[in-house]
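**Q** Okay, so here is model.cif, and as you'll see once you scroll down, it has mmCIF, C-alpha atoms.
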data_entry
#
loop_
_atom_site.label_atom_id
_atom_site.label_comp_id
_atom_site.auth_asym_id
_atom_site.auth_seq_id
_atom_site.Cartn_x
_atom_site.Cartn_y
_atom_site.Cartn_z
CA MET Z 1 -21.78 -61.06 37.90
CA ILE Z 2 -23.68 -59.88 34.83
CA PRO Z 3 -24.24 -56.09 34.72
CA ALA Z 4 -27.84 -54.94 35.16
CA LEU Z 5 -27.73 -53.21 31.79
CA SER Z 6 -27.24 -56.58 30.11
CA MET Z 7 -30.48 -57.77 31.65
CA ALA Z 8 -32.65 -55.09 30.06
CA PRO Z 9 -35.41 -56.42 27.77
CA ALA Z 10 -34.53 -56.69 24.09
CA THR Z 11 -37.10 -56.17 21.36
CA PHE Z 12 -36.20 -58.03 18.20
CA SER Z 13 -36.72 -56.86 14.65
CA LEU Z 14 -37.81 -60.03 12.97
CA PRO Z 15 -39.10 -60.60 9.44
CA TYR Z 16 -41.55 -63.04 7.95
CA ARG Z 17 -40.00 -65.64 5.67
CA ALA Z 18 -41.36 -66.33 2.19
CA ASP Z 19 -45.13 -66.86 2.40
CA ARG Z 20 -45.22 -67.55 6.13
CA ASN Z 21 -47.28 -65.31 8.40
CA TYR Z 22 -45.51 -66.31 11.56
CA VAL Z 23 -42.01 -65.77 12.81
CA HIS Z 24 -39.61 -68.50 11.73
CA SER Z 25 -37.68 -70.22 14.50
CA ALA Z 26 -34.43 -69.72 12.58
CA ASP Z 27 -34.89 -65.97 12.88
CA ILE Z 28 -35.65 -66.27 16.58
CA PHE Z 29 -32.56 -68.41 17.04
CA GLN Z 30 -30.41 -65.92 15.14
CA ALA Z 31 -31.78 -62.99 17.15
CA PHE Z 32 -30.95 -64.75 20.41
CA THR Z 33 -27.49 -65.69 19.18
CA GLU Z 34 -26.75 -62.05 18.37
CA LEU Z 35 -28.24 -60.92 21.68
CA ALA Z 36 -26.08 -63.38 23.61
CA ARG Z 37 -22.90 -62.29 21.85
CA GLU Z 38 -23.61 -58.56 22.07
CA ARG Z 39 -24.83 -58.49 25.67
CA PHE Z 40 -22.68 -61.11 27.33
CA ALA Z 41 -19.63 -62.49 25.50
CA PRO Z 42 -18.48 -63.39 21.98
CA GLY Z 43 -18.75 -67.06 22.87
CA ALA Z 44 -22.17 -66.81 24.54
CA TYR Z 45 -24.92 -68.83 22.91
CA LEU Z 46 -28.57 -69.81 23.09
CA LYS Z 47 -28.58 -72.86 25.31
CA SER Z 48 -32.26 -73.61 25.31
CA LEU Z 49 -35.40 -72.36 23.67
CA VAL Z 50 -39.01 -73.42 24.15
CA LEU Z 51 -41.64 -72.10 21.74
CA ARG Z 52 -45.19 -72.83 22.84
CA HIS Z 53 -47.02 -70.82 20.19
CA LYS Z 54 -46.42 -69.35 16.80
CA ALA Z 55 -45.89 -65.60 16.85
CA SER Z 56 -47.18 -63.23 14.22
CA ARG Z 57 -45.91 -60.02 15.83
CA GLN Z 58 -42.54 -58.83 17.03
CA LEU Z 59 -40.99 -60.55 19.99
CA ARG Z 60 -39.30 -59.27 23.10
CA ALA Z 61 -36.76 -61.17 25.14
CA SER Z 62 -37.29 -60.48 28.81
CA PHE Z 63 -35.02 -61.49 31.65
CA ALA Z 64 -37.82 -61.04 34.18
CA ALA Z 65 -40.93 -63.09 34.88
CA GLU Z 66 -43.70 -62.43 32.35
CA PRO Z 67 -47.40 -63.24 32.74
CA ASP Z 68 -48.06 -64.73 29.32
CA PRO Z 69 -44.89 -65.63 27.43
CA ILE Z 70 -44.97 -67.60 24.20
CA GLY Z 71 -41.82 -69.35 25.29
CA THR Z 72 -38.75 -69.40 27.46
CA PHE Z 73 -35.03 -69.35 26.80
CA SER Z 74 -31.67 -69.56 28.45
CA LEU Z 75 -28.36 -68.09 27.34
CA GLN Z 76 -25.03 -69.57 28.35
CA ALA Z 77 -22.27 -67.03 28.93
CA GLY Z 78 -19.15 -68.71 30.25
CA GLU Z 79 -20.05 -70.38 33.50
CA GLN Z 80 -23.25 -68.38 33.89
CA GLU Z 81 -26.69 -69.32 32.57
CA VAL Z 82 -29.22 -66.52 32.13
CA ARG Z 83 -32.90 -67.42 31.81
CA GLY Z 84 -35.77 -65.44 30.43
CA ALA Z 85 -39.14 -65.34 28.73
CA LEU Z 86 -40.09 -64.65 25.14
CA VAL Z 87 -43.04 -62.30 24.80
CA GLU Z 88 -45.10 -61.40 21.74
CA THR Z 89 -45.51 -57.62 21.53
CA ASP Z 90 -48.11 -55.47 19.78
CA ALA Z 91 -45.60 -54.35 17.14
CA SER Z 92 -46.35 -55.68 13.69
CA ILE Z 93 -43.84 -57.25 11.37
CA GLY Z 94 -43.21 -55.08 8.36
CA ARG Z 95 -40.56 -56.99 6.53
CA ARG Z 96 -40.61 -60.15 4.47
CA VAL Z 97 -37.51 -61.99 3.29
CA PRO Z 98 -37.15 -64.77 0.74
CA TYR Z 99 -36.44 -68.28 1.94
CA ASP Z 100 -36.12 -71.48 0.00
CA GLU Z 101 -34.88 -74.56 1.81
CA SER Z 102 -35.04 -76.84 -1.23
CA ARG Z 103 -31.26 -76.91 -1.78
CA ALA Z 104 -30.72 -78.03 1.80
CA VAL Z 105 -33.48 -80.62 1.53
CA ALA Z 106 -31.84 -81.96 -1.64
CA ALA Z 107 -28.47 -82.23 0.08
CA VAL Z 108 -29.50 -84.04 3.22
CA VAL Z 109 -28.95 -87.80 3.34
CA ALA Z 110 -31.92 -89.59 4.84
CA ALA Z 111 -32.02 -92.97 6.56
CA VAL Z 112 -34.55 -94.60 8.85
CA ASP Z 113 -35.23 -92.12 11.67
CA SER Z 114 -32.17 -90.05 10.85
CA ALA Z 115 -30.84 -87.45 8.46
CA ALA Z 116 -27.36 -86.06 7.96
CA PHE Z 117 -25.48 -83.55 5.91
CA ILE Z 118 -22.18 -84.67 4.40
CA SER Z 119 -21.03 -81.07 4.48
CA PRO Z 120 -22.68 -77.74 5.22
CA VAL Z 121 -24.75 -76.36 2.36
CA PRO Z 122 -23.66 -72.81 1.49
CA GLY Z 123 -26.29 -70.19 2.14
CA TYR Z 124 -27.88 -71.92 5.11
CA THR Z 125 -27.10 -71.46 8.78
CA ALA Z 126 -26.37 -74.40 11.04
CA PHE Z 127 -29.79 -73.93 12.62
CA GLU Z 128 -31.48 -74.06 9.22
CA HIS Z 129 -29.58 -77.29 8.58
CA LEU Z 130 -31.01 -78.57 11.85
CA LEU Z 131 -34.58 -77.71 10.86
CA VAL Z 132 -34.25 -79.39 7.47
CA ALA Z 133 -32.65 -82.49 8.96
CA MET Z 134 -35.45 -82.76 11.53
CA LYS Z 135 -38.13 -82.51 8.87
CA VAL Z 136 -36.49 -85.19 6.76
CA ALA Z 137 -35.68 -87.53 9.64
CA GLY Z 138 -39.19 -87.10 10.96
CA GLY Z 139 -40.55 -88.21 7.62
CA ASP Z 140 -42.43 -84.99 7.05
CA ALA Z 141 -40.24 -83.08 4.64
CA ASP Z 142 -43.23 -82.12 2.53
CA ARG Z 143 -45.24 -80.73 5.42
CA GLU Z 144 -44.64 -77.76 7.64
CA ALA Z 145 -43.25 -78.75 10.98
CA TRP Z 146 -42.49 -76.44 13.83
CA LEU Z 147 -39.60 -76.50 16.18
CA CYS Z 148 -40.94 -76.23 19.70
CA GLN Z 149 -37.87 -76.95 21.77
CA VAL Z 150 -34.09 -77.05 21.41
CA ALA Z 151 -31.43 -77.63 24.06
CA LEU Z 152 -27.75 -77.33 23.19
CA LEU Z 153 -24.61 -78.37 25.02
CA GLY Z 154 -22.59 -75.79 23.10
CA PRO Z 155 -22.97 -73.33 20.24
CA LEU Z 156 -23.94 -74.73 16.85
CA LEU Z 157 -20.89 -74.71 14.59
CA GLU Z 158 -21.45 -73.27 11.14
CA SER Z 159 -18.64 -75.21 9.46
CA VAL Z 160 -19.31 -78.69 10.84
CA PRO Z 161 -21.82 -81.07 9.24
CA LEU Z 162 -24.93 -81.73 11.27
CA ALA Z 163 -26.99 -84.86 11.77
CA VAL Z 164 -30.13 -85.74 13.69
CA THR Z 165 -31.67 -88.98 14.91
CA VAL Z 166 -35.23 -89.46 16.06
CA THR Z 167 -35.14 -90.63 19.68
CA ARG Z 168 -38.86 -90.59 20.45
CA ARG Z 169 -42.13 -90.22 18.61
CA LEU Z 170 -45.30 -89.64 20.55
CA ARG Z 171 -48.38 -88.62 18.65
CA LEU Z 172 -47.65 -85.25 17.07
CA PHE Z 173 -44.26 -84.78 18.68
CA HIS Z 174 -40.83 -86.01 17.70
CA ARG Z 175 -37.68 -85.65 19.75
CA PHE Z 176 -34.29 -85.67 18.06
CA ALA Z 177 -30.69 -86.06 19.13
CA ILE Z 178 -28.42 -83.57 17.39
CA ALA Z 179 -24.81 -84.28 16.46
CA GLN Z 180 -22.10 -82.27 14.76
CA GLY Z 181 -18.92 -83.94 13.60
CA GLY Z 182 -20.04 -87.15 15.27
CA THR Z 183 -20.41 -85.53 18.68
CA ASP Z 184 -23.71 -85.26 20.52
CA ILE Z 185 -24.48 -81.57 20.96
CA GLY Z 186 -28.05 -81.55 22.22
CA SER Z 187 -31.64 -82.33 21.45
CA ALA Z 188 -34.65 -80.77 19.81
CA CYS Z 189 -38.36 -81.34 19.60
CA ALA Z 190 -40.72 -80.65 16.73
CA THR Z 191 -44.43 -80.92 16.25
CA TRP Z 192 -46.65 -80.89 13.23
CA ARG Z 193 -49.24 -78.87 15.10
CA PHE Z 194 -48.70 -76.31 17.78
CA PRO Z 195 -49.54 -77.07 21.40
CA GLN Z 196 -53.10 -76.21 22.30
CA MET R 1 -31.79 -83.31 39.32
CA THR R 2 -35.25 -84.85 39.23
CA PRO R 3 -36.30 -86.97 42.24
CA ALA R 4 -36.20 -90.72 41.82
CA LEU R 5 -39.32 -92.67 40.97
CA VAL R 6 -39.21 -95.83 43.05
CA ARG R 7 -41.75 -98.62 43.04
CA PRO R 8 -44.34 -98.36 44.41
CA VAL R 9 -44.58 -95.04 42.65
CA THR R 10 -46.89 -92.65 44.47
CA CYS R 11 -48.69 -89.53 43.37
CA ALA R 12 -46.43 -87.58 45.71
CA GLN R 13 -43.40 -88.92 43.85
CA ILE R 14 -44.99 -87.94 40.56
CA ARG R 15 -45.68 -84.41 41.81
CA ALA R 16 -42.13 -84.04 43.14
CA PHE R 17 -40.77 -85.27 39.82
CA LEU R 18 -42.92 -82.82 37.85
CA ALA R 19 -41.91 -79.91 40.06
CA GLU R 20 -38.36 -80.21 38.74
CA LEU R 21 -39.41 -80.03 35.09
CA ASP R 22 -39.92 -76.79 33.16
CA THR R 23 -43.65 -77.00 32.52
CA LEU R 24 -46.78 -74.88 32.84
CA ILE R 25 -48.28 -77.29 35.36
CA ASP R 26 -49.59 -75.58 38.49
CA SER R 27 -48.61 -77.97 41.24
CA GLY R 28 -51.08 -76.26 43.58
CA THR R 29 -54.03 -77.48 41.56
CA LEU R 30 -52.66 -80.90 40.63
CA ARG R 31 -54.55 -83.47 42.68
CA ASP R 32 -54.19 -87.21 42.26
CA ASP R 33 -57.01 -87.40 39.73
CA THR R 34 -56.54 -84.02 38.05
CA LEU R 35 -55.82 -84.15 34.34
CA PHE R 36 -52.40 -82.69 33.64
CA THR R 37 -54.04 -80.46 31.06
CA GLU R 38 -56.49 -79.14 33.67
CA ALA R 39 -53.50 -78.18 35.82
CA GLY R 40 -52.10 -76.08 32.98
CA ALA R 41 -50.05 -78.49 30.92
CA ASP R 42 -50.10 -78.03 27.17
CA SER R 43 -49.33 -80.83 24.75
CA LEU R 44 -45.62 -79.99 24.73
CA ASP R 45 -45.53 -80.28 28.52
CA PHE R 46 -47.34 -83.59 28.35
CA PHE R 47 -44.82 -84.90 25.82
CA ASN R 48 -41.91 -83.70 27.95
CA VAL R 49 -43.39 -85.18 31.12
CA LEU R 50 -43.94 -88.59 29.57
CA THR R 51 -40.53 -88.76 27.91
CA ALA R 52 -38.82 -87.66 31.13
CA ILE R 53 -40.74 -90.35 33.02
CA GLU R 54 -39.66 -92.90 30.42
CA VAL R 55 -36.02 -91.96 30.82
CA ALA R 56 -36.26 -92.05 34.62
CA THR R 57 -38.05 -95.39 34.85
CA GLY R 58 -37.23 -97.27 31.66
CA VAL R 59 -40.95 -97.80 31.10
CA HIS R 60 -42.09 -97.16 27.53
CA ILE R 61 -45.48 -95.47 27.24
CA ASP R 62 -47.33 -96.44 24.10
CA ASP R 63 -49.35 -93.97 22.06
CA HIS R 64 -52.55 -95.88 22.71
CA ASP R 65 -51.99 -95.71 26.49
CA ILE R 66 -51.91 -91.90 26.64
CA GLU R 67 -55.38 -91.62 28.14
CA ARG R 68 -54.33 -93.97 30.95
CA VAL R 69 -51.47 -91.75 32.10
CA ASN R 70 -53.03 -88.30 31.95
CA THR R 71 -53.37 -87.89 35.72
CA PRO R 72 -50.85 -88.45 38.56
CA ALA R 73 -52.86 -91.43 39.79
CA GLY R 74 -53.15 -92.94 36.34
CA LEU R 75 -49.48 -92.45 35.64
CA ALA R 76 -48.44 -93.96 38.98
CA ALA R 77 -50.65 -97.00 38.42
CA TYR R 78 -49.29 -97.44 34.89
CA LEU R 79 -45.70 -97.31 36.12
CA ASN R 80 -46.30 -99.66 39.05
CA ALA R 81 -47.74 -102.25 36.68
CA ARG R 82 -44.64 -102.13 34.47
CA MET R 83 -41.66 -101.35 36.67
CA SER R 84 -39.70 -104.31 37.92
#
If you took the structure in this file and wrote it as structure tokens, what would it be?

**A**
Amino acid sequence: MIPALSMAPATFSLPYRADRNYVHSADIFQAFTELARERFAPGAYLKSLVLRHKASRQLRASFAAEPDPIGTFSLQAGEQEVRGALVETDASIGRRVPYDESRAVAAVVAAVDSAAFISPVPGYTAFEHLLVAMKVAGGDADREAWLCQVALLGPLLESVPLAVTVTRRLRLFHRFAIAQGGTDIGSACATWRFPQ
Amino acid sequence: MTPALVRPVTCAQIRAFLAELDTLIDSGTLRDDTLFTEAGADSLDFFNVLTAIEVATGVHIDDHDIERVNTPAGLAAYLNARMS
């Protein structure tokens, strides 16, 4: 049983990255990872995340039903899965951090419908590796693409090389299989335009 | 576990299948000829619905057939014409 205190809403303190005026999915992923570990268990992780809209204000993770969420999530803590909604608040974002993914883009090895890192690139999280690999495998490395869905079978490992393969393209959406160390660890979906 | 889609696929089967997916679709407003988007689906939902249907049935839905499968009735007819 998860204590009620752990189920209180959590308001994130997220920055903008570089010249973007929306919250980057890597920052959302990191915020959820920290929330899972602090609230539930050191090994807890973000199991699934759906982002239906870009957010330009701070976000709140709610473990209750919300009328107009921008997305949904689930956290895996041991045998227990905790679901919730991601809500955009009225609080503005007052911080901007630098971000340059060019070193990761240069390191990824591209093939037809796939992209892989030989080894992790220092300075980038595993999730940032995932985003870069998806862009490259999707054939849109020069354009902005947005992660709209990720589902993981276990926590992303920071020290294990990551690879993705396109499993389905349909109009603006691509779905990817994610592997680390040769093992399938989940799937993700990206779009080049946000859902309307 | 999503319900099976068995030929002949019916709109009721489609609705039962969709009910098990995490989408914005309001099953209360989804009639046989209602566009999925009119029942609340956004483009991500539509993508997820079609790819889940593909996995469940083995039927590949081409890009140029999207307008033919945007209602329960259209989707059922499409699947029945292609499922063995």

**Q** Would you list the contacts of Z:Gln30 as a list in words, taking every protein, DNA or RNA residue within 12 Å and counting all atoms listed in the file, but skipping same-chain residues closer than 6 positions in sequence?

**A**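 Close residues of Z:Gln30: Phe12, Ser13, Leu14, Pro15, Val23, His24, Ala36, Arg37, Tyr45, Leu46, Leu49, Tyr124, Thr125, Ala126, Phe127, Glu128, Pro155 and Leu156 of chain Z.
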
**Q** Show me, as an mmCIF file with C-alpha atoms, in the coordinates of the input, the residues of chain R whose atoms get within 9 Å of chain Z, using only C-alpha atoms for the distance check.

**A**
data_model
loop_
_atom_site.group_PDB
_atom_site.id
_atom_site.type_symbol
_atom_site.label_atom_id
_atom_site.label_comp_id
_atom_site.auth_asym_id
_atom_site.auth_seq_id
_atom_site.Cartn_x
_atom_site.Cartn_y
_atom_site.Cartn_z
ATOM 1 C CA ASP R 42 -50.100 -78.030 27.170
ATOM 2 C CA SER R 43 -49.330 -80.830 24.750
ATOM 3 C CA LEU R 44 -45.620 -79.990 24.730
ATOM 4 C CA ASP R 45 -45.530 -80.280 28.520
ATOM 5 C CA PHE R 47 -44.820 -84.900 25.820
ATOM 6 C CA THR R 51 -40.530 -88.760 27.910
ATOM 7 C CA ILE R 61 -45.480 -95.470 27.240
ATOM 8 C CA ASP R 62 -47.330 -96.440 24.100
ATOM 9 C CA ASP R 63 -49.350 -93.970 22.060
#

**Q** List as a list of chain:residue names: which residues have an atom within 6 Å of (-48.3, -58.9, 12.1), counting all atoms listed in the file?

**A**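 Nearby residues: Z:Ser56, Z:Arg57, Z:Ser92, Z:Ile93.
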
**Q** Residue by residue, what does the PyMOL selection byres ((chain R and resi 72-83) around 12) grab here? Present the result as a PyMOL selection string.

**A** chain R and resi 5-18+25+27+29-39+46+49-50+53-54+56-62+65-71+84

**Q** Write the residues you've just listed into a file as a PDB file, in the frame of the given file, and include C-alpha atoms for each of them.

**A**
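The file below, out04.pdb, is the result:
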ATOM      1  CA  LEU R   5     -39.320 -92.670  40.970  1.00  0.00           C
ATOM      2  CA  VAL R   6     -39.210 -95.830  43.050  1.00  0.00           C
ATOM      3  CA  ARG R   7     -41.750 -98.620  43.040  1.00  0.00           C
ATOM      4  CA  PRO R   8     -44.340 -98.360  44.410  1.00  0.00           C
ATOM      5  CA  VAL R   9     -44.580 -95.040  42.650  1.00  0.00           C
ATOM      6  CA  THR R  10     -46.890 -92.650  44.470  1.00  0.00           C
ATOM      7  CA  CYS R  11     -48.690 -89.530  43.370  1.00  0.00           C
ATOM      8  CA  ALA R  12     -46.430 -87.580  45.710  1.00  0.00           C
ATOM      9  CA  GLN R  13     -43.400 -88.920  43.850  1.00  0.00           C
ATOM     10  CA  ILE R  14     -44.990 -87.940  40.560  1.00  0.00           C
ATOM     11  CA  ARG R  15     -45.680 -84.410  41.810  1.00  0.00           C
ATOM     12  CA  ALA R  16     -42.130 -84.040  43.140  1.00  0.00           C
ATOM     13  CA  PHE R  17     -40.770 -85.270  39.820  1.00  0.00           C
ATOM     14  CA  LEU R  18     -42.920 -82.820  37.850  1.00  0.00           C
ATOM     15  CA  ILE R  25     -48.280 -77.290  35.360  1.00  0.00           C
ATOM     16  CA  SER R  27     -48.610 -77.970  41.240  1.00  0.00           C
ATOM     17  CA  THR R  29     -54.030 -77.480  41.560  1.00  0.00           C
ATOM     18  CA  LEU R  30     -52.660 -80.900  40.630  1.00  0.00           C
ATOM     19  CA  ARG R  31     -54.550 -83.470  42.680  1.00  0.00           C
ATOM     20  CA  ASP R  32     -54.190 -87.210  42.260  1.00  0.00           C
ATOM     21  CA  ASP R  33     -57.010 -87.400  39.730  1.00  0.00           C
ATOM     22  CA  THR R  34     -56.540 -84.020  38.050  1.00  0.00           C
ATOM     23  CA  LEU R  35     -55.820 -84.150  34.340  1.00  0.00           C
ATOM     24  CA  PHE R  36     -52.400 -82.690  33.640  1.00  0.00           C
ATOM     25  CA  THR R  37     -54.040 -80.460  31.060  1.00  0.00           C
ATOM     26  CA  GLU R  38     -56.490 -79.140  33.670  1.00  0.00           C
ATOM     27  CA  ALA R  39     -53.500 -78.180  35.820  1.00  0.00           C
ATOM     28  CA  PHE R  46     -47.340 -83.590  28.350  1.00  0.00           C
ATOM     29  CA  VAL R  49     -43.390 -85.180  31.120  1.00  0.00           C
ATOM     30  CA  LEU R  50     -43.940 -88.590  29.570  1.00  0.00           C
ATOM     31  CA  ILE R  53     -40.740 -90.350  33.020  1.00  0.00           C
ATOM     32  CA  GLU R  54     -39.660 -92.900  30.420  1.00  0.00           C
ATOM     33  CA  ALA R  56     -36.260 -92.050  34.620  1.00  0.00           C
ATOM     34  CA  THR R  57     -38.050 -95.390  34.850  1.00  0.00           C
ATOM     35  CA  GLY R  58     -37.230 -97.270  31.660  1.00  0.00           C
ATOM     36  CA  VAL R  59     -40.950 -97.800  31.100  1.00  0.00           C
ATOM     37  CA  HIS R  60     -42.090 -97.160  27.530  1.00  0.00           C
ATOM     38  CA  ILE R  61     -45.480 -95.470  27.240  1.00  0.00           C
ATOM     39  CA  ASP R  62     -47.330 -96.440  24.100  1.00  0.00           C
ATOM     40  CA  ASP R  65     -51.990 -95.710  26.490  1.00  0.00           C
ATOM     41  CA  ILE R  66     -51.910 -91.900  26.640  1.00  0.00           C
ATOM     42  CA  GLU R  67     -55.380 -91.620  28.140  1.00  0.00           C
ATOM     43  CA  ARG R  68     -54.330 -93.970  30.950  1.00  0.00           C
ATOM     44  CA  VAL R  69     -51.470 -91.750  32.100  1.00  0.00           C
ATOM     45  CA  ASN R  70     -53.030 -88.300  31.950  1.00  0.00           C
ATOM     46  CA  THR R  71     -53.370 -87.890  35.720  1.00  0.00           C
ATOM     47  CA  SER R  84     -39.700-104.310  37.920  1.00  0.00           C
TER      48      SER R  84
END

**Q** I'd like the interatomic distance between atom CA of Z:Gly182 and atom CA of Z:Lys47, to a tenth of an Å.

**A**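 Between atom CA of Z:Gly182 and atom CA of Z:Lys47 the gap is 19.4 Å.
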
**Q** Tell me which protein, DNA and RNA residues are within 10 Å of Z:Val82, counting only C-alpha atoms, leaving out same-chain ones fewer than 5 positions away, and put them as a ChimeraX atom specification.

**A** /Z:2,7,36,40,46-47,63,73-77

**Q** Which one is closest to Z:Ala163: Z:Ser114, Z:Ser187, Z:Thr11, Z:Ser48? Count all atoms listed in the file.

**A**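 Looking only at the distances to Z:Ala163, the closest residue turns out to be Z:Ser114.
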
**Q** Translate the PyMOL selection byres ((chain Z and resi 136) around 9), as applied to the file shown, into an explicit residue set as a PDB file with C-alpha atoms, in the coordinates of the input.

**A**
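Printed below is out.pdb as written:
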ATOM      1  CA  VAL Z 105     -33.480 -80.620   1.530  1.00  0.00           C
ATOM      2  CA  VAL Z 108     -29.500 -84.040   3.220  1.00  0.00           C
ATOM      3  CA  VAL Z 109     -28.950 -87.800   3.340  1.00  0.00           C
ATOM      4  CA  ALA Z 110     -31.920 -89.590   4.840  1.00  0.00           C
ATOM      5  CA  ALA Z 111     -32.020 -92.970   6.560  1.00  0.00           C
ATOM      6  CA  ASP Z 113     -35.230 -92.120  11.670  1.00  0.00           C
ATOM      7  CA  SER Z 114     -32.170 -90.050  10.850  1.00  0.00           C
ATOM      8  CA  ALA Z 115     -30.840 -87.450   8.460  1.00  0.00           C
ATOM      9  CA  LEU Z 131     -34.580 -77.710  10.860  1.00  0.00           C
ATOM     10  CA  VAL Z 132     -34.250 -79.390   7.470  1.00  0.00           C
ATOM     11  CA  ALA Z 133     -32.650 -82.490   8.960  1.00  0.00           C
ATOM     12  CA  MET Z 134     -35.450 -82.760  11.530  1.00  0.00           C
ATOM     13  CA  LYS Z 135     -38.130 -82.510   8.870  1.00  0.00           C
ATOM     14  CA  ALA Z 137     -35.680 -87.530   9.640  1.00  0.00           C
ATOM     15  CA  GLY Z 138     -39.190 -87.100  10.960  1.00  0.00           C
ATOM     16  CA  GLY Z 139     -40.550 -88.210   7.620  1.00  0.00           C
ATOM     17  CA  ASP Z 140     -42.430 -84.990   7.050  1.00  0.00           C
ATOM     18  CA  ALA Z 141     -40.240 -83.080   4.640  1.00  0.00           C
ATOM     19  CA  ASP Z 142     -43.230 -82.120   2.530  1.00  0.00           C
TER      20      ASP Z 142
END

**Q** How many Å separate atom CA of Z:Ala107 from atom CA of Z:Leu162?

**A**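 Computed distance, atom CA of Z:Ala107 to atom CA of Z:Leu162, equals 11.7 Å.
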
**Q** Place a sphere of radius 7 Å on (-40.7, -64.5, 26.8) in the file coordinates and name every protein, DNA or RNA residue with an atom inside or on its surface, counting all atoms listed in the file; give the answer as a count of residues only.

**A** 12

**Q** Please report the interatomic distance between atom CA of Z:Leu130 and atom CA of Z:Arg103 in Å with one decimal.

**A**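 It comes out at 13.7 Å.
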